[in-house]
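Source file: entry.txt. Holds: compact mmCIF, C-alpha atoms.
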# COMPACT_ATOMS: atom_id res chain seq x y z
CA MET A 187 -112.88 -232.73 1.36
CA ARG A 188 -112.79 -231.62 4.98
CA HIS A 189 -115.04 -228.75 6.04
CA ALA A 190 -116.12 -227.23 9.35
CA VAL A 191 -119.08 -225.13 10.44
CA ILE A 192 -119.13 -222.81 13.44
CA MET A 193 -122.53 -222.76 15.11
CA ALA A 194 -123.03 -219.11 16.09
CA GLY A 195 -126.77 -218.51 16.33
CA GLY A 196 -127.31 -218.33 20.09
CA SER A 197 -128.32 -215.14 21.87
CA GLY A 198 -126.39 -215.76 25.10
CA THR A 199 -129.18 -214.76 27.47
CA ARG A 200 -127.26 -215.96 30.55
CA LEU A 201 -124.72 -213.19 29.88
CA TRP A 202 -127.35 -210.46 29.94
CA PRO A 203 -127.13 -207.46 30.09
CA LEU A 204 -123.82 -207.46 28.22
CA SER A 205 -125.16 -209.95 25.68
CA ARG A 206 -128.30 -208.76 23.88
CA GLN A 207 -130.54 -209.90 21.07
CA ALA A 208 -128.84 -207.38 18.79
CA ARG A 209 -125.31 -208.19 20.03
CA PRO A 210 -124.97 -211.78 21.25
CA LYS A 211 -122.09 -213.07 23.33
CA GLN A 212 -120.21 -214.67 20.40
CA LEU A 213 -119.75 -211.21 18.87
CA LEU A 214 -118.56 -209.46 22.03
CA ASP A 215 -114.83 -208.78 22.48
CA VAL A 216 -114.58 -210.76 25.72
CA VAL A 217 -111.43 -212.82 25.04
CA SER A 218 -107.96 -211.35 25.49
CA ASP A 219 -104.55 -212.70 24.54
CA GLU A 220 -101.26 -211.35 23.22
CA THR A 221 -103.07 -210.07 20.10
CA GLY A 222 -105.54 -208.02 22.15
CA ALA A 223 -109.29 -208.33 22.78
CA HIS A 224 -111.43 -210.22 20.30
CA SER A 225 -114.70 -212.11 20.07
CA LEU A 226 -115.37 -215.76 20.77
CA LEU A 227 -116.46 -216.13 17.15
CA ALA A 228 -113.17 -214.72 15.85
CA GLU A 229 -111.29 -217.07 18.15
CA ALA A 230 -113.28 -220.07 16.87
CA PHE A 231 -112.51 -219.14 13.27
CA THR A 232 -108.78 -218.70 13.96
CA ARG A 233 -108.73 -222.03 15.81
CA LEU A 234 -110.16 -223.82 12.79
CA GLU A 235 -107.60 -222.19 10.52
CA ALA A 236 -105.00 -224.34 12.31
CA VAL A 237 -106.62 -227.29 10.50
CA LEU A 238 -108.44 -225.97 7.42
CA PRO A 239 -108.11 -223.19 4.83
CA ALA A 240 -110.62 -220.34 5.18
CA GLU A 241 -112.64 -221.42 2.14
CA GLN A 242 -113.54 -224.68 3.94
CA ILE A 243 -114.83 -222.92 7.07
CA TRP A 244 -118.54 -222.08 7.30
CA VAL A 245 -120.56 -220.16 9.88
CA CYS A 246 -124.20 -220.84 10.74
CA THR A 247 -125.95 -217.96 12.47
CA ALA A 248 -129.25 -216.12 12.76
CA ALA A 249 -130.07 -214.03 9.71
CA ARG A 250 -130.21 -210.88 11.84
CA TYR A 251 -126.52 -211.29 12.70
CA ALA A 252 -125.31 -211.61 9.10
CA ASP A 253 -123.68 -208.20 8.78
CA ASP A 254 -122.07 -208.40 12.23
CA VAL A 255 -120.61 -211.83 11.47
CA ARG A 256 -119.19 -210.64 8.16
CA ALA A 257 -117.61 -207.66 9.91
CA ALA A 258 -116.16 -209.86 12.66
CA LEU A 259 -114.71 -212.41 10.20
CA PRO A 260 -113.12 -210.63 7.24
CA ARG A 261 -111.53 -213.91 6.07
CA LEU A 262 -114.89 -215.73 5.86
CA CYS A 263 -115.83 -216.42 2.24
CA PRO A 264 -119.16 -214.71 1.38
CA ASP A 265 -120.81 -217.95 0.23
CA ARG A 266 -119.84 -219.78 3.43
CA LEU A 267 -122.38 -218.00 5.62
CA VAL A 268 -125.46 -220.10 6.52
CA LEU A 269 -128.36 -217.95 7.75
CA GLU A 270 -131.25 -219.28 9.82
CA PRO A 271 -134.40 -217.17 9.37
CA VAL A 272 -135.59 -218.32 12.82
CA ALA A 273 -134.18 -220.57 15.55
CA ARG A 274 -135.36 -224.20 15.26
CA ASP A 275 -132.82 -225.83 17.63
CA THR A 276 -129.59 -227.59 16.74
CA ALA A 277 -130.86 -230.54 14.69
CA ASN A 278 -132.19 -228.19 12.03
CA ALA A 279 -129.26 -225.76 12.22
CA VAL A 280 -126.77 -228.61 11.81
CA GLY A 281 -128.96 -230.19 9.12
CA LEU A 282 -129.18 -226.94 7.15
CA ALA A 283 -125.41 -226.48 7.29
CA ALA A 284 -124.83 -230.11 6.27
CA ALA A 285 -127.27 -229.81 3.38
CA LEU A 286 -125.63 -226.66 2.02
CA VAL A 287 -122.11 -228.06 2.43
CA ALA A 288 -123.15 -231.31 0.72
CA ASP A 289 -124.68 -229.29 -2.11
CA VAL A 290 -121.22 -227.85 -2.78
CA ASP A 291 -119.23 -230.99 -1.93
CA PRO A 292 -121.31 -234.21 -1.88
CA ASP A 293 -118.47 -236.16 -0.22
CA ALA A 294 -117.80 -233.51 2.45
CA GLU A 295 -116.53 -234.45 5.88
CA LEU A 296 -117.97 -231.88 8.26
CA ALA A 297 -116.88 -230.76 11.72
CA VAL A 298 -119.49 -228.96 13.82
CA VAL A 299 -118.00 -226.66 16.45
CA SER A 300 -119.31 -224.00 18.80
CA ALA A 301 -118.73 -220.26 18.70
CA ASP A 302 -118.64 -219.85 22.49
CA HIS A 303 -115.68 -221.96 23.59
CA VAL A 304 -112.22 -220.93 24.70
CA ILE A 305 -109.77 -223.79 24.05
CA ARG A 306 -106.07 -223.89 24.88
CA PRO A 307 -103.68 -224.97 23.48
CA VAL A 308 -104.91 -224.70 19.91
CA ALA A 309 -102.38 -227.32 18.77
CA GLU A 310 -104.09 -229.97 20.91
CA PHE A 311 -107.48 -229.01 19.51
CA ALA A 312 -106.11 -229.24 15.96
CA ALA A 313 -104.65 -232.69 16.66
CA ALA A 314 -107.94 -233.98 18.12
CA LEU A 315 -109.97 -232.59 15.23
CA THR A 316 -107.60 -234.22 12.75
CA THR A 317 -107.98 -237.54 14.59
CA ALA A 318 -111.76 -237.21 14.33
CA TYR A 319 -111.53 -236.68 10.57
CA ASP A 320 -109.19 -239.69 10.39
CA VAL A 321 -111.86 -241.89 12.00
CA LEU A 322 -114.06 -241.29 8.96
CA ALA A 323 -111.43 -242.85 6.70
CA VAL A 324 -111.94 -246.23 8.40
CA ARG A 325 -115.56 -245.76 9.53
CA PRO A 326 -117.32 -243.68 6.87
CA ARG A 327 -120.70 -243.85 8.64
CA ALA A 328 -119.34 -242.87 12.06
CA LEU A 329 -120.64 -240.01 14.13
CA VAL A 330 -117.63 -238.68 16.03
CA THR A 331 -117.88 -236.51 19.12
CA LEU A 332 -115.04 -234.66 20.82
CA GLY A 333 -114.89 -235.47 24.53
CA VAL A 334 -113.03 -233.11 26.85
CA THR A 335 -110.88 -234.72 29.56
CA PRO A 336 -112.65 -233.68 32.80
CA THR A 337 -110.72 -231.78 35.45
CA SER A 338 -113.49 -231.58 38.06
CA PRO A 339 -116.82 -233.25 38.91
CA ALA A 340 -118.74 -230.65 36.91
CA THR A 341 -122.52 -230.88 37.11
CA GLY A 342 -123.20 -228.39 34.31
CA PHE A 343 -122.01 -230.61 31.43
CA GLY A 344 -123.26 -233.78 29.81
CA TYR A 345 -120.88 -236.75 29.82
CA VAL A 346 -119.89 -239.45 27.35
CA GLN A 347 -118.94 -242.89 28.64
CA LYS A 348 -115.95 -244.27 26.76
CA GLY A 349 -115.93 -247.87 25.59
CA ALA A 350 -113.27 -249.97 23.91
CA PRO A 351 -110.47 -248.30 21.90
CA THR A 352 -110.94 -248.18 18.14
CA GLU A 353 -108.45 -248.83 15.37
CA VAL A 354 -107.62 -245.08 15.40
CA PRO A 355 -105.34 -244.02 18.29
CA GLY A 356 -107.04 -241.47 20.52
CA ALA A 357 -110.55 -242.61 19.56
CA ALA A 358 -112.84 -244.98 21.49
CA GLU A 359 -116.30 -246.39 21.11
CA ALA A 360 -118.93 -244.15 22.73
CA ALA A 361 -120.70 -246.50 25.13
CA SER A 362 -123.39 -244.04 26.27
CA PHE A 363 -124.38 -240.41 26.65
CA ARG A 364 -125.29 -239.17 30.12
CA GLU A 365 -127.25 -236.06 31.03
CA LYS A 366 -125.94 -233.45 33.46
CA PRO A 367 -125.37 -235.42 36.69
CA ASP A 368 -125.72 -234.55 40.34
CA ARG A 369 -122.55 -233.95 42.34
CA ALA A 370 -122.14 -237.50 43.66
CA THR A 371 -122.61 -239.01 40.20
CA ALA A 372 -120.16 -236.54 38.66
CA GLU A 373 -117.58 -237.44 41.30
CA GLY A 374 -118.02 -241.10 40.39
CA TYR A 375 -117.56 -240.32 36.70
CA LEU A 376 -114.36 -238.40 37.43
CA ALA A 377 -112.94 -241.10 39.70
CA SER A 378 -113.62 -243.86 37.15
CA GLY A 379 -111.55 -242.25 34.41
CA GLY A 380 -114.02 -243.64 31.89
CA TYR A 381 -116.05 -240.52 31.20
CA VAL A 382 -115.40 -237.28 29.31
CA TRP A 383 -117.33 -234.05 29.09
CA ASN A 384 -119.57 -233.82 26.04
CA SER A 385 -118.15 -230.76 24.28
CA GLY A 386 -121.01 -230.48 21.80
CA MET A 387 -118.51 -230.64 18.93
CA PHE A 388 -118.89 -233.36 16.28
CA VAL A 389 -117.35 -234.67 13.06
CA TRP A 390 -119.20 -236.70 10.44
CA ARG A 391 -119.79 -236.88 6.73
CA ALA A 392 -122.40 -234.33 5.74
CA ARG A 393 -124.31 -237.06 3.94
CA THR A 394 -124.26 -239.25 7.07
CA VAL A 395 -126.00 -236.70 9.28
CA LEU A 396 -128.54 -235.98 6.53
CA ASP A 397 -129.27 -239.71 6.25
CA ALA A 398 -129.66 -239.90 10.03
CA LEU A 399 -132.16 -237.03 9.94
CA ALA A 400 -134.06 -238.80 7.16
CA GLU A 401 -134.30 -241.87 9.41
CA HIS A 402 -135.07 -240.23 12.75
CA LEU A 403 -136.51 -236.83 11.83
CA PRO A 404 -138.10 -237.22 8.37
CA ALA A 405 -140.06 -233.95 8.52
CA SER A 406 -136.83 -231.98 8.88
CA ALA A 407 -135.08 -234.04 6.20
CA ALA A 408 -137.90 -233.40 3.74
CA GLY A 409 -137.86 -229.68 4.46
CA LEU A 410 -134.10 -229.46 4.03
CA ASP A 411 -134.39 -231.32 0.72
CA ARG A 412 -136.88 -228.71 -0.49
CA ILE A 413 -134.57 -225.88 0.50
CA VAL A 414 -131.48 -227.28 -1.23
CA ALA A 415 -133.45 -228.28 -4.33
CA ALA A 416 -134.05 -224.60 -5.05
CA PRO A 417 -131.31 -222.77 -7.01
CA ALA A 418 -128.85 -220.89 -4.81
CA GLY A 419 -129.72 -217.22 -4.51
CA PRO A 420 -133.04 -215.41 -4.04
CA GLU A 421 -135.13 -218.46 -4.97
CA ARG A 422 -133.47 -220.65 -2.33
CA ASP A 423 -133.69 -217.83 0.21
CA ALA A 424 -137.44 -217.63 -0.37
CA VAL A 425 -137.91 -221.38 0.12
CA LEU A 426 -135.72 -221.25 3.25
CA ALA A 427 -137.85 -218.45 4.70
CA GLU A 428 -141.02 -220.46 3.98
CA VAL A 429 -139.93 -223.94 5.07
CA PHE A 430 -137.39 -223.55 7.89
CA PRO A 431 -139.83 -222.07 10.46
CA THR A 432 -142.07 -225.13 10.04
CA LEU A 433 -139.41 -227.72 10.94
CA PRO A 434 -139.85 -229.61 14.23
CA LYS A 435 -137.75 -228.10 17.03
CA ILE A 436 -135.30 -230.64 18.52
CA SER A 437 -131.63 -230.86 19.44
CA VAL A 438 -129.12 -232.80 17.36
CA ASP A 439 -128.27 -234.91 20.43
CA TYR A 440 -131.84 -236.22 20.71
CA ALA A 441 -132.50 -236.42 16.99
CA VAL A 442 -129.26 -238.02 15.80
CA LEU A 443 -126.66 -238.98 18.39
CA GLU A 444 -128.74 -240.79 20.99
CA PRO A 445 -130.58 -243.02 18.47
CA ALA A 446 -127.27 -243.76 16.72
CA ALA A 447 -125.59 -244.67 20.01
CA ALA A 448 -127.82 -247.75 20.17
CA GLU A 449 -126.03 -249.10 17.08
CA ALA A 450 -122.71 -250.70 18.04
CA GLY A 451 -119.68 -248.98 16.53
CA ARG A 452 -121.66 -246.07 15.12
CA VAL A 453 -120.69 -243.34 17.59
CA VAL A 454 -117.02 -242.69 18.40
CA VAL A 455 -115.48 -240.32 20.95
CA VAL A 456 -112.10 -238.63 20.45
CA ASP A 457 -110.16 -237.38 23.45
CA LEU A 458 -109.76 -233.62 23.64
CA ASP A 459 -107.22 -233.03 26.41
CA VAL A 460 -107.23 -229.24 26.65
CA ASP A 461 -108.12 -226.33 28.89
CA TRP A 462 -111.74 -225.90 27.81
CA LEU A 463 -114.07 -223.11 28.81
CA ASP A 464 -117.70 -223.11 27.73
CA VAL A 465 -118.52 -219.42 28.11
CA GLY A 466 -122.17 -219.82 29.03
CA SER A 467 -122.49 -217.89 32.29
CA TRP A 468 -120.96 -215.01 34.24
CA PRO A 469 -118.77 -217.27 36.42
CA ALA A 470 -117.45 -218.93 33.23
CA LEU A 471 -116.82 -215.58 31.54
CA ALA A 472 -114.89 -214.49 34.63
CA HIS A 473 -112.05 -216.76 33.49
CA THR A 474 -111.51 -214.46 30.49
CA LEU A 475 -111.30 -211.28 32.62
CA ASP A 476 -108.48 -209.70 34.64
CA LEU A 477 -108.09 -211.27 38.10
CA ASP A 478 -106.82 -209.37 41.15
CA GLU A 479 -105.25 -210.74 44.35
CA ALA A 480 -108.63 -210.95 46.08
CA GLY A 481 -110.10 -213.12 43.33
CA ASN A 482 -112.14 -210.37 41.71
CA ALA A 483 -112.54 -210.75 37.94
CA THR A 484 -112.87 -207.30 36.42
CA ARG A 485 -113.05 -205.35 33.18
CA GLY A 486 -113.58 -201.63 32.70
CA LEU A 487 -113.30 -198.87 35.28
CA THR A 488 -113.60 -200.52 38.69
CA VAL A 489 -112.57 -199.72 42.26
CA LEU A 490 -112.94 -202.50 44.82
CA LEU A 491 -112.33 -201.98 48.54
CA ASP A 492 -112.37 -204.91 50.95
CA SER A 493 -114.19 -206.99 48.31
CA SER A 494 -113.46 -210.49 47.02
CA GLY A 495 -114.70 -213.20 44.69
CA ASN A 496 -116.69 -210.80 42.54
CA VAL A 497 -117.26 -210.58 38.77
CA VAL A 498 -117.36 -206.88 37.90
CA LEU A 499 -117.70 -205.47 34.40
CA SER A 500 -118.53 -202.13 32.85
CA ASP A 501 -118.59 -201.47 29.10
CA ASP A 502 -119.03 -197.72 29.64
CA PRO A 503 -115.64 -195.93 29.47
CA ASP A 504 -117.06 -193.00 31.48
CA HIS A 505 -118.64 -195.01 34.29
CA VAL A 506 -116.89 -196.36 37.40
CA ILE A 507 -118.16 -199.37 39.34
CA ALA A 508 -117.09 -198.94 42.99
CA LEU A 509 -117.61 -201.71 45.54
CA VAL A 510 -116.91 -201.82 49.27
CA GLY A 511 -117.29 -204.92 51.43
CA VAL A 512 -118.92 -206.91 48.63
CA ARG A 513 -118.35 -210.66 48.37
CA ASP A 514 -119.11 -213.23 45.68
CA SER A 515 -121.36 -211.07 43.52
CA VAL A 516 -121.79 -210.34 39.83
CA VAL A 517 -122.03 -206.63 39.03
CA VAL A 518 -122.47 -205.65 35.37
CA HIS A 519 -123.08 -202.15 34.06
CA THR A 520 -124.07 -201.15 30.52
CA ALA A 521 -125.45 -197.90 29.16
CA ASP A 522 -129.03 -198.85 29.99
CA VAL A 523 -128.91 -201.70 32.52
CA THR A 524 -127.16 -202.41 35.82
CA MET A 525 -127.41 -206.02 36.99
CA VAL A 526 -126.36 -207.36 40.39
CA CYS A 527 -126.68 -210.92 41.63
CA PRO A 528 -124.83 -213.42 43.85
CA VAL A 529 -122.35 -215.54 41.92
CA GLY A 530 -124.30 -218.58 43.14
CA ASP A 531 -127.43 -217.29 41.40
CA ALA A 532 -125.75 -216.53 38.06
CA GLU A 533 -127.65 -219.34 36.34
CA ARG A 534 -130.87 -217.44 37.11
CA VAL A 535 -129.93 -214.48 34.88
CA LYS A 536 -131.92 -216.01 32.02
CA ALA A 537 -134.99 -216.03 34.27
CA LEU A 538 -134.22 -212.45 35.34
CA LEU A 539 -134.18 -211.35 31.70
CA ALA A 540 -137.56 -213.02 31.20
CA ALA A 541 -138.91 -211.03 34.16
CA VAL A 542 -137.49 -207.80 32.74
CA GLU A 543 -139.14 -208.52 29.38
CA ALA A 544 -142.44 -209.29 31.10
CA GLN A 545 -142.35 -205.89 32.82
CA PHE A 546 -140.79 -203.67 30.15
CA GLY A 547 -141.18 -205.58 26.89
CA PRO A 548 -138.23 -206.18 24.54
CA ARG A 549 -136.64 -202.75 25.16
CA PHE A 550 -133.80 -204.08 27.33
CA ALA A 551 -133.40 -207.48 25.69
Target format structure tokens, applied to this file:
Amino acid sequence: MRHAVIMAGGSGTRLWPLSRQARPKQLLDVVSDETGAHSLLAEAFTRLEAVLPAEQIWVCTAARYADDVRAALPRLCPDRLVLEPVARDTANAVGLAAALVADVDPDAELAVVSADHVIRPVAEFAAALTTAYDVLAVRPRALVTLGVTPTSPATGFGYVQKGAPTEVPGAAEAASFREKPDRATAEGYLASGGYVWNSGMFVWRARTVLDALAEHLPASAAGLDRIVAAPAGPERDAVLAEVFPTLPKISVDYAVLEPAAAEAGRVVVVDLDVDWLDVGSWPALAHTLDLDEAGNATRGLTVLLDSSGNVVLSDDPDHVIALVGVRDSVVVHTADVTMVCPVGDAERVKALLAAVEAQFGPRFA
């Protein structure tokens, strides 16, 4: 049976101060459409419902977000929530989800998607995801990644080099994975037409990824086996709390995909030709906000005079942000923090938060 898990455990530190430890970006109502404002997590769940029934959709998140996730997703089945007691990077998060899905459905085909993407149109996403599942019918051991058709020489994404077409239309061999390139290299990738952005979304049989972890990350595989061997309920929760924090911290790309890519025909890439926004920074989030004629992206009470290219947001309904003569800056106001930085320095917000924590402790995190 086909299943999917939404990975929703990140804290979104690059969107501080709006995103906090207690209220991460995937739970913030930052996306607007004809239905109104909603969270990235809710959008991800609705997007999957174009392909799967709700009972086959899982969410993996930090244990501290459990109640917020349940409130945000009223259609999520109670036993489809996977809770990480601590963060141990994506190999273990994906492995835990795969182990729990396989415990329910040993033959499960599992899509792994992110909670912080905006993807339009949904119909194209649904078609690509269906193609990825279809690959497993002819290549049961395949690891399938969704590759977004690039629209610019982006340097903030990893890339996948496409190889020969496979027997499934829309799917190709994945020749190699490339790290985030410099500008000149990214321009070469775009001009060649042979590279796609690595979306970080995958499809595989749950058993396949668990076997790959057993081969390449045996300590994690053994720990996951211990967790799932315990009966579901309080006993399993106790083993999870004991074992999961001890697992080696590593990403699923390094632990599974890159070693598998060395085996011909093992990794497949499916084209995802959509408008894709990875909401991982203030300039990226700006695409979800209202845009005025001067290129200012705004939300909340704002007054801008002779200002352009700014990202301005207030979540306080009684507070006005007023700018005059300001260019290309991020200005964010919350009840307890005001943050200002040049748009070009938005990637340094994570470091700014670290400096705030060093001076004031976790109070503003």
(message) One number please: atom CA of His505 of chain A to atom CA of His519 of chain A, in Å, one decimal.
(response)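 It comes out at 8.4 Å.
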In Å and to one decimal, atom CA of Ala208 of chain A is distant from atom CA of Ser500 of chain A by 18.2 Å
Review point. Which neighbours of segment 246-254 of chain A fall inside 10 Å, counting only C-alpha atoms, when residues of the same chain fewer than 6 positions from it are skipped, and could you give them as a ChimeraX atom specification?
Key: /A:191-197,207-210,213,266-273,279-280,282-283,298,300-301
If you count only C-alpha atoms, the residue of A:Cys263, A:Leu234, A:Ala441, A:Ala314 closest to His402 of chain A turns out to be A:Ala441
message = Quick one: residues within 8 Å of Cys527 of chain A, all atoms listed in the file, excluding same-chain residues fewer than 3 positions away - as a list in words?
response =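 With the cut-off at 8 Å, the set is Ser515, Val516, Val517, Asp531 and Ala532 of chain A.
Nearest to Val237 of chain A of all the residues A:His189, A:Arg274, A:Arg200, A:Arg391 is A:His189, counting only C-alpha atoms.
Using all atoms listed in the file for every distance, the candidate list A:Asp522, A:Glu444, A:Asp275, A:Asp457 yields A:Glu444 as the residue closest to Ala361 of chain A.
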Neighbouring residues of Asp464 of chain A were defined as those with any atom within 10 Å, considering all atoms listed in the file; residues of the same chain fewer than 2 positions away were excluded. Please report them as a list in words.
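So the residues in contact are Ser300, Ala301, Asp302, His303, Val304, Ile305, Phe343, Ser385, Trp462, Gly466, Ser467, Ala470 and Leu471 of chain A.
Each of A:Tyr319, A:Val395, A:Thr335, A:Met525 was checked against Val542 of chain A using all atoms listed in the file; the smallest atom-to-atom distance is that of A:Met525.
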Using only C-alpha atoms, the shortest atom-to-atom distance to Arg393 of chain A among A:Val512, A:Ala285, A:Val506, A:Pro431 belongs to A:Ala285
